[in-house]
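Asker: The following block contains the structure, expressed as structure tokens.
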Amino acid sequence: MTVYSIYIFNKKCEAIYFKSWNSPSSLNVSDSSSGQEVDGDSENHKLVYGVVFSLKNMVSKMSAGKPAQEGFISYKTSTYKLHYFESPAGVKMVMITDRNAESMLDTLRSIYAKLYVEYVVKNPLAKPNTPIKNELFRSNLDKFILALPNFE
């Protein structure tokens, strides 16, 4: 399994964190080809959020009357698989992996609970809904992703 990138969006639909690791050229992640972290909005961030927003709405309309947790969690293309998690507070996490990856929902939940809440939410110096600049969060997220089983 290869993790290509992770996006974190706040409840206002703004990208507050992005990191790319092994993105193939076919994914066209132009603002991170060097693997650097990028904050704020860019065209790719808006496109990813637009896809997630559209798919989430489509799934919720097609599965009316079913519990919310049975909604949109991932989709697969011939190139990649997109995994989605939304916290109760409205923080949205999107992870893009190779197409053969198993569900990353538990991984995204762990990132939220063990890293985002600990290093961003509980940080009194962090301003809510702004790009994540916390170096502890960034370095621990990188370690967490690199330690995933079968990370390539």
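Ligands are numbered from 1 in the order shown, chains are lettered A, B, ... in the order of the structure tokens, and residues start at 1 in each chain.
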Once DSSP has gone over the backbone, tell me which residues of range 4-151 of chain A are in helix (DSSP H, G or I), as a short mmCIF file (atom, residue, chain, number, x, y, z; two decimals) with N, CA, C and O atoms, in the first residue's frame.

Answerer:
```cif
data_model
loop_
_atom_site.label_atom_id
_atom_site.label_comp_id
_atom_site.auth_asym_id
_atom_site.auth_seq_id
_atom_site.Cartn_x
_atom_site.Cartn_y
_atom_site.Cartn_z
N SER A 25 2.87 10.82 -11.05
CA SER A 25 2.65 11.98 -11.92
C SER A 25 1.23 12.01 -12.47
O SER A 25 0.70 13.07 -12.78
N SER A 26 0.56 10.87 -12.56
CA SER A 26 -0.79 10.83 -13.10
C SER A 26 -1.81 11.51 -12.18
O SER A 26 -2.88 11.87 -12.61
N LEU A 27 -1.46 11.69 -10.90
CA LEU A 27 -2.36 12.39 -9.98
C LEU A 27 -2.24 13.89 -10.10
O LEU A 27 -3.08 14.62 -9.59
N SER A 30 0.57 19.10 -8.37
CA SER A 30 1.65 20.01 -8.78
C SER A 30 2.26 20.80 -7.65
O SER A 30 3.44 21.08 -7.66
N ASP A 31 1.48 21.16 -6.64
CA ASP A 31 2.03 22.00 -5.58
C ASP A 31 2.75 21.20 -4.52
O ASP A 31 3.13 21.73 -3.50
N SER A 32 2.98 19.91 -4.76
CA SER A 32 3.70 19.14 -3.76
C SER A 32 4.64 18.12 -4.39
O SER A 32 4.98 17.14 -3.76
N GLU A 43 -5.72 25.20 -6.28
CA GLU A 43 -6.68 24.61 -7.21
C GLU A 43 -6.91 23.12 -6.90
O GLU A 43 -8.05 22.66 -6.91
N ASN A 44 -5.84 22.39 -6.61
CA ASN A 44 -6.00 20.96 -6.29
C ASN A 44 -6.83 20.75 -5.02
O ASN A 44 -7.65 19.84 -4.96
N HIS A 45 -6.61 21.57 -4.02
CA HIS A 45 -7.37 21.44 -2.77
C HIS A 45 -8.86 21.64 -3.05
O HIS A 45 -9.70 20.90 -2.54
N LYS A 46 -9.17 22.63 -3.85
CA LYS A 46 -10.56 22.92 -4.18
C LYS A 46 -11.18 21.79 -5.00
O LYS A 46 -12.34 21.42 -4.78
N LEU A 47 -10.42 21.22 -5.91
CA LEU A 47 -10.92 20.10 -6.71
C LEU A 47 -11.19 18.88 -5.85
O LEU A 47 -12.23 18.23 -5.99
N VAL A 48 -10.28 18.56 -4.96
CA VAL A 48 -10.47 17.41 -4.07
C VAL A 48 -11.69 17.64 -3.19
O VAL A 48 -12.54 16.75 -3.05
N TYR A 49 -11.82 18.82 -2.61
CA TYR A 49 -12.98 19.08 -1.77
C TYR A 49 -14.27 19.01 -2.58
O TYR A 49 -15.28 18.49 -2.11
N GLY A 50 -14.25 19.53 -3.78
CA GLY A 50 -15.44 19.49 -4.64
C GLY A 50 -15.87 18.07 -4.96
O GLY A 50 -17.07 17.75 -4.93
N VAL A 51 -14.93 17.20 -5.23
CA VAL A 51 -15.25 15.79 -5.50
C VAL A 51 -15.86 15.16 -4.26
O VAL A 51 -16.88 14.48 -4.33
N VAL A 52 -15.23 15.37 -3.11
CA VAL A 52 -15.73 14.79 -1.86
C VAL A 52 -17.12 15.32 -1.54
O VAL A 52 -18.04 14.55 -1.20
N PHE A 53 -17.32 16.61 -1.67
CA PHE A 53 -18.61 17.24 -1.39
C PHE A 53 -19.70 16.66 -2.29
O PHE A 53 -20.78 16.28 -1.82
N SER A 54 -19.40 16.55 -3.58
CA SER A 54 -20.39 16.03 -4.54
C SER A 54 -20.73 14.57 -4.26
O SER A 54 -21.90 14.18 -4.26
N LEU A 55 -19.71 13.74 -4.04
CA LEU A 55 -19.95 12.33 -3.77
C LEU A 55 -20.70 12.12 -2.46
O LEU A 55 -21.59 11.27 -2.37
N LYS A 56 -20.34 12.89 -1.46
CA LYS A 56 -21.01 12.78 -0.16
C LYS A 56 -22.50 13.12 -0.30
O LYS A 56 -23.36 12.41 0.24
N ASN A 57 -22.80 14.18 -1.03
CA ASN A 57 -24.20 14.56 -1.24
C ASN A 57 -24.95 13.51 -2.06
O ASN A 57 -26.10 13.18 -1.75
N MET A 58 -24.32 12.98 -3.09
CA MET A 58 -24.96 11.97 -3.93
C MET A 58 -25.27 10.72 -3.10
O MET A 58 -26.37 10.18 -3.16
N VAL A 59 -24.29 10.27 -2.31
CA VAL A 59 -24.49 9.08 -1.48
C VAL A 59 -25.59 9.31 -0.45
O VAL A 59 -26.43 8.43 -0.23
N SER A 60 -25.61 10.48 0.16
CA SER A 60 -26.64 10.74 1.18
C SER A 60 -28.04 10.77 0.56
O SER A 60 -29.00 10.31 1.17
N LYS A 61 -28.18 11.26 -0.67
CA LYS A 61 -29.48 11.28 -1.34
C LYS A 61 -29.91 9.89 -1.77
O LYS A 61 -31.09 9.54 -1.71
N MET A 62 -28.95 9.07 -2.17
CA MET A 62 -29.27 7.72 -2.64
C MET A 62 -29.56 6.77 -1.48
O MET A 62 -30.21 5.75 -1.67
N ALA A 68 -26.04 7.78 9.21
CA ALA A 68 -25.01 8.61 8.59
C ALA A 68 -23.68 7.90 8.47
O ALA A 68 -22.93 8.13 7.53
N GLN A 69 -23.34 7.00 9.41
CA GLN A 69 -22.05 6.34 9.36
C GLN A 69 -21.94 5.37 8.19
O GLN A 69 -20.86 4.88 7.89
N GLU A 70 -23.05 5.07 7.53
CA GLU A 70 -23.02 4.19 6.36
C GLU A 70 -22.89 4.99 5.08
O GLU A 70 -23.09 4.46 4.00
N LEU A 105 -10.33 4.10 6.93
CA LEU A 105 -11.21 4.83 7.84
C LEU A 105 -10.67 4.80 9.27
O LEU A 105 -10.62 5.83 9.94
N ASP A 106 -10.24 3.64 9.73
CA ASP A 106 -9.70 3.55 11.09
C ASP A 106 -8.41 4.34 11.23
O ASP A 106 -8.15 4.96 12.27
N THR A 107 -7.60 4.36 10.18
CA THR A 107 -6.37 5.15 10.18
C THR A 107 -6.69 6.63 10.27
O THR A 107 -6.07 7.36 11.06
N LEU A 108 -7.66 7.09 9.50
CA LEU A 108 -8.05 8.51 9.55
C LEU A 108 -8.64 8.86 10.91
O LEU A 108 -8.38 9.95 11.44
N ARG A 109 -9.41 7.95 11.49
CA ARG A 109 -9.95 8.19 12.84
C ARG A 109 -8.81 8.31 13.86
O ARG A 109 -8.85 9.16 14.74
N SER A 110 -7.80 7.47 13.72
CA SER A 110 -6.64 7.53 14.63
C SER A 110 -5.88 8.84 14.46
O SER A 110 -5.45 9.43 15.44
N ILE A 111 -5.69 9.26 13.23
CA ILE A 111 -5.01 10.53 12.96
C ILE A 111 -5.78 11.66 13.63
O ILE A 111 -5.20 12.54 14.27
N TYR A 112 -7.09 11.63 13.49
CA TYR A 112 -7.90 12.68 14.10
C TYR A 112 -7.78 12.66 15.62
O TYR A 112 -7.48 13.67 16.25
N ALA A 113 -8.01 11.49 16.22
CA ALA A 113 -8.05 11.39 17.69
C ALA A 113 -6.69 11.52 18.35
O ALA A 113 -6.55 12.21 19.36
N LYS A 114 -5.69 10.87 17.78
CA LYS A 114 -4.39 10.83 18.44
C LYS A 114 -3.45 11.96 18.04
O LYS A 114 -2.54 12.30 18.80
N LEU A 115 -3.63 12.53 16.88
CA LEU A 115 -2.72 13.58 16.42
C LEU A 115 -3.41 14.94 16.32
O LEU A 115 -2.96 15.91 16.93
N TYR A 116 -4.50 15.01 15.56
CA TYR A 116 -5.16 16.30 15.36
C TYR A 116 -5.68 16.87 16.68
O TYR A 116 -5.41 18.03 17.01
N VAL A 117 -6.42 16.07 17.42
CA VAL A 117 -6.97 16.57 18.70
C VAL A 117 -5.84 16.90 19.66
O VAL A 117 -5.85 17.96 20.30
N GLU A 118 -4.86 16.04 19.77
CA GLU A 118 -3.77 16.24 20.74
C GLU A 118 -2.89 17.44 20.42
O GLU A 118 -2.52 18.21 21.31
N TYR A 119 -2.52 17.61 19.14
CA TYR A 119 -1.54 18.64 18.79
C TYR A 119 -2.14 19.92 18.20
O TYR A 119 -1.47 20.94 18.14
N VAL A 120 -3.39 19.86 17.76
CA VAL A 120 -4.00 21.06 17.16
C VAL A 120 -5.12 21.59 18.05
O VAL A 120 -5.09 22.74 18.47
N VAL A 121 -6.10 20.76 18.35
CA VAL A 121 -7.26 21.22 19.12
C VAL A 121 -6.86 21.63 20.54
O VAL A 121 -7.30 22.66 21.04
N GLU A 135 4.53 22.17 14.44
CA GLU A 135 5.58 21.26 14.00
C GLU A 135 5.45 19.87 14.64
O GLU A 135 5.78 18.87 14.00
N LEU A 136 4.95 19.80 15.87
CA LEU A 136 4.73 18.50 16.50
C LEU A 136 3.69 17.69 15.72
O LEU A 136 3.85 16.49 15.52
N PHE A 137 2.61 18.35 15.32
CA PHE A 137 1.59 17.66 14.52
C PHE A 137 2.20 17.18 13.21
O PHE A 137 2.04 16.02 12.82
N ARG A 138 2.90 18.06 12.52
CA ARG A 138 3.47 17.71 11.22
C ARG A 138 4.45 16.55 11.31
O ARG A 138 4.37 15.60 10.53
N SER A 139 5.35 16.60 12.26
CA SER A 139 6.36 15.54 12.37
C SER A 139 5.74 14.22 12.84
O SER A 139 6.10 13.15 12.33
N ASN A 140 4.80 14.27 13.78
CA ASN A 140 4.16 13.05 14.25
C ASN A 140 3.24 12.43 13.19
O ASN A 140 3.14 11.21 13.10
N LEU A 141 2.60 13.25 12.39
CA LEU A 141 1.79 12.72 11.29
C LEU A 141 2.69 12.02 10.28
O LEU A 141 2.38 10.92 9.81
N ASP A 142 3.81 12.63 9.96
CA ASP A 142 4.76 12.02 9.03
C ASP A 142 5.25 10.67 9.56
O ASP A 142 5.27 9.67 8.83
N LYS A 143 5.61 10.62 10.84
CA LYS A 143 6.04 9.36 11.46
C LYS A 143 4.93 8.32 11.43
O LYS A 143 5.16 7.14 11.16
N PHE A 144 3.71 8.75 11.72
CA PHE A 144 2.56 7.85 11.75
C PHE A 144 2.33 7.23 10.37
O PHE A 144 2.15 6.02 10.24
N ILE A 145 2.35 8.06 9.34
CA ILE A 145 2.10 7.57 7.97
C ILE A 145 3.23 6.64 7.53
O ILE A 145 2.98 5.56 6.98
N LEU A 146 4.47 7.02 7.79
CA LEU A 146 5.59 6.20 7.38
C LEU A 146 5.64 4.86 8.12
O LEU A 146 6.22 3.90 7.62
#
```

Asker: Output as a list in words all residues of range 8-136 of chain A that backbone DSSP marks as strand (DSSP E or B).

Answerer: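 The strand (DSSP E or B) subset of range 8-136 of chain A is Ile8, Phe9, Ala15, Ile16, Tyr17, Phe18, Lys19, Ser20, Ser74, Tyr75, Lys76, Lys81, Leu82, His83, Tyr84, Phe85, Glu86, Lys92, Met93, Val94, Met95, Ile96 and Thr97 of chain A.
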
Asker: Write out, as a PDB file, in the first residue's frame, the residues just selected, with C-alpha atoms.

Answerer:
```pdb
ATOM      1  CA  ILE A   8      -7.405  18.249   6.087  1.00  0.00           C
ATOM      2  CA  PHE A   9     -10.289  20.677   5.625  1.00  0.00           C
ATOM      3  CA  ALA A  15      -7.761  23.394   3.304  1.00  0.00           C
ATOM      4  CA  ILE A  16      -5.820  23.739   6.547  1.00  0.00           C
ATOM      5  CA  TYR A  17      -3.234  21.034   5.904  1.00  0.00           C
ATOM      6  CA  PHE A  18      -1.806  19.072   3.001  1.00  0.00           C
ATOM      7  CA  LYS A  19       1.098  16.682   2.703  1.00  0.00           C
ATOM      8  CA  SER A  20       2.208  14.511  -0.192  1.00  0.00           C
ATOM      9  CA  SER A  74     -14.126   5.983  -0.117  1.00  0.00           C
ATOM     10  CA  TYR A  75     -14.086   5.606  -3.862  1.00  0.00           C
ATOM     11  CA  LYS A  76     -11.666   3.969  -6.265  1.00  0.00           C
ATOM     12  CA  LYS A  81      -8.363   5.327  -3.961  1.00  0.00           C
ATOM     13  CA  LEU A  82      -9.738   8.279  -1.992  1.00  0.00           C
ATOM     14  CA  HIS A  83     -10.620   7.707   1.683  1.00  0.00           C
ATOM     15  CA  TYR A  84     -12.825  10.126   3.628  1.00  0.00           C
ATOM     16  CA  PHE A  85     -13.508  10.800   7.303  1.00  0.00           C
ATOM     17  CA  GLU A  86     -15.533  13.618   8.858  1.00  0.00           C
ATOM     18  CA  LYS A  92     -12.770  16.539   7.087  1.00  0.00           C
ATOM     19  CA  MET A  93      -9.787  14.301   6.342  1.00  0.00           C
ATOM     20  CA  VAL A  94      -9.070  12.940   2.894  1.00  0.00           C
ATOM     21  CA  MET A  95      -6.333  10.399   2.229  1.00  0.00           C
ATOM     22  CA  ILE A  96      -5.334   9.326  -1.257  1.00  0.00           C
ATOM     23  CA  THR A  97      -3.665   5.931  -1.590  1.00  0.00           C
TER      24      THR A  97
END
```

Asker: Enter the distance from CA of Lys127 in chain A to CA of Ser5 in chain A, in Å, rounded to one decimal.

Answerer: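 Value for the CA of Lys127 in chain A-CA of Ser5 in chain A distance: 23.9 Å.
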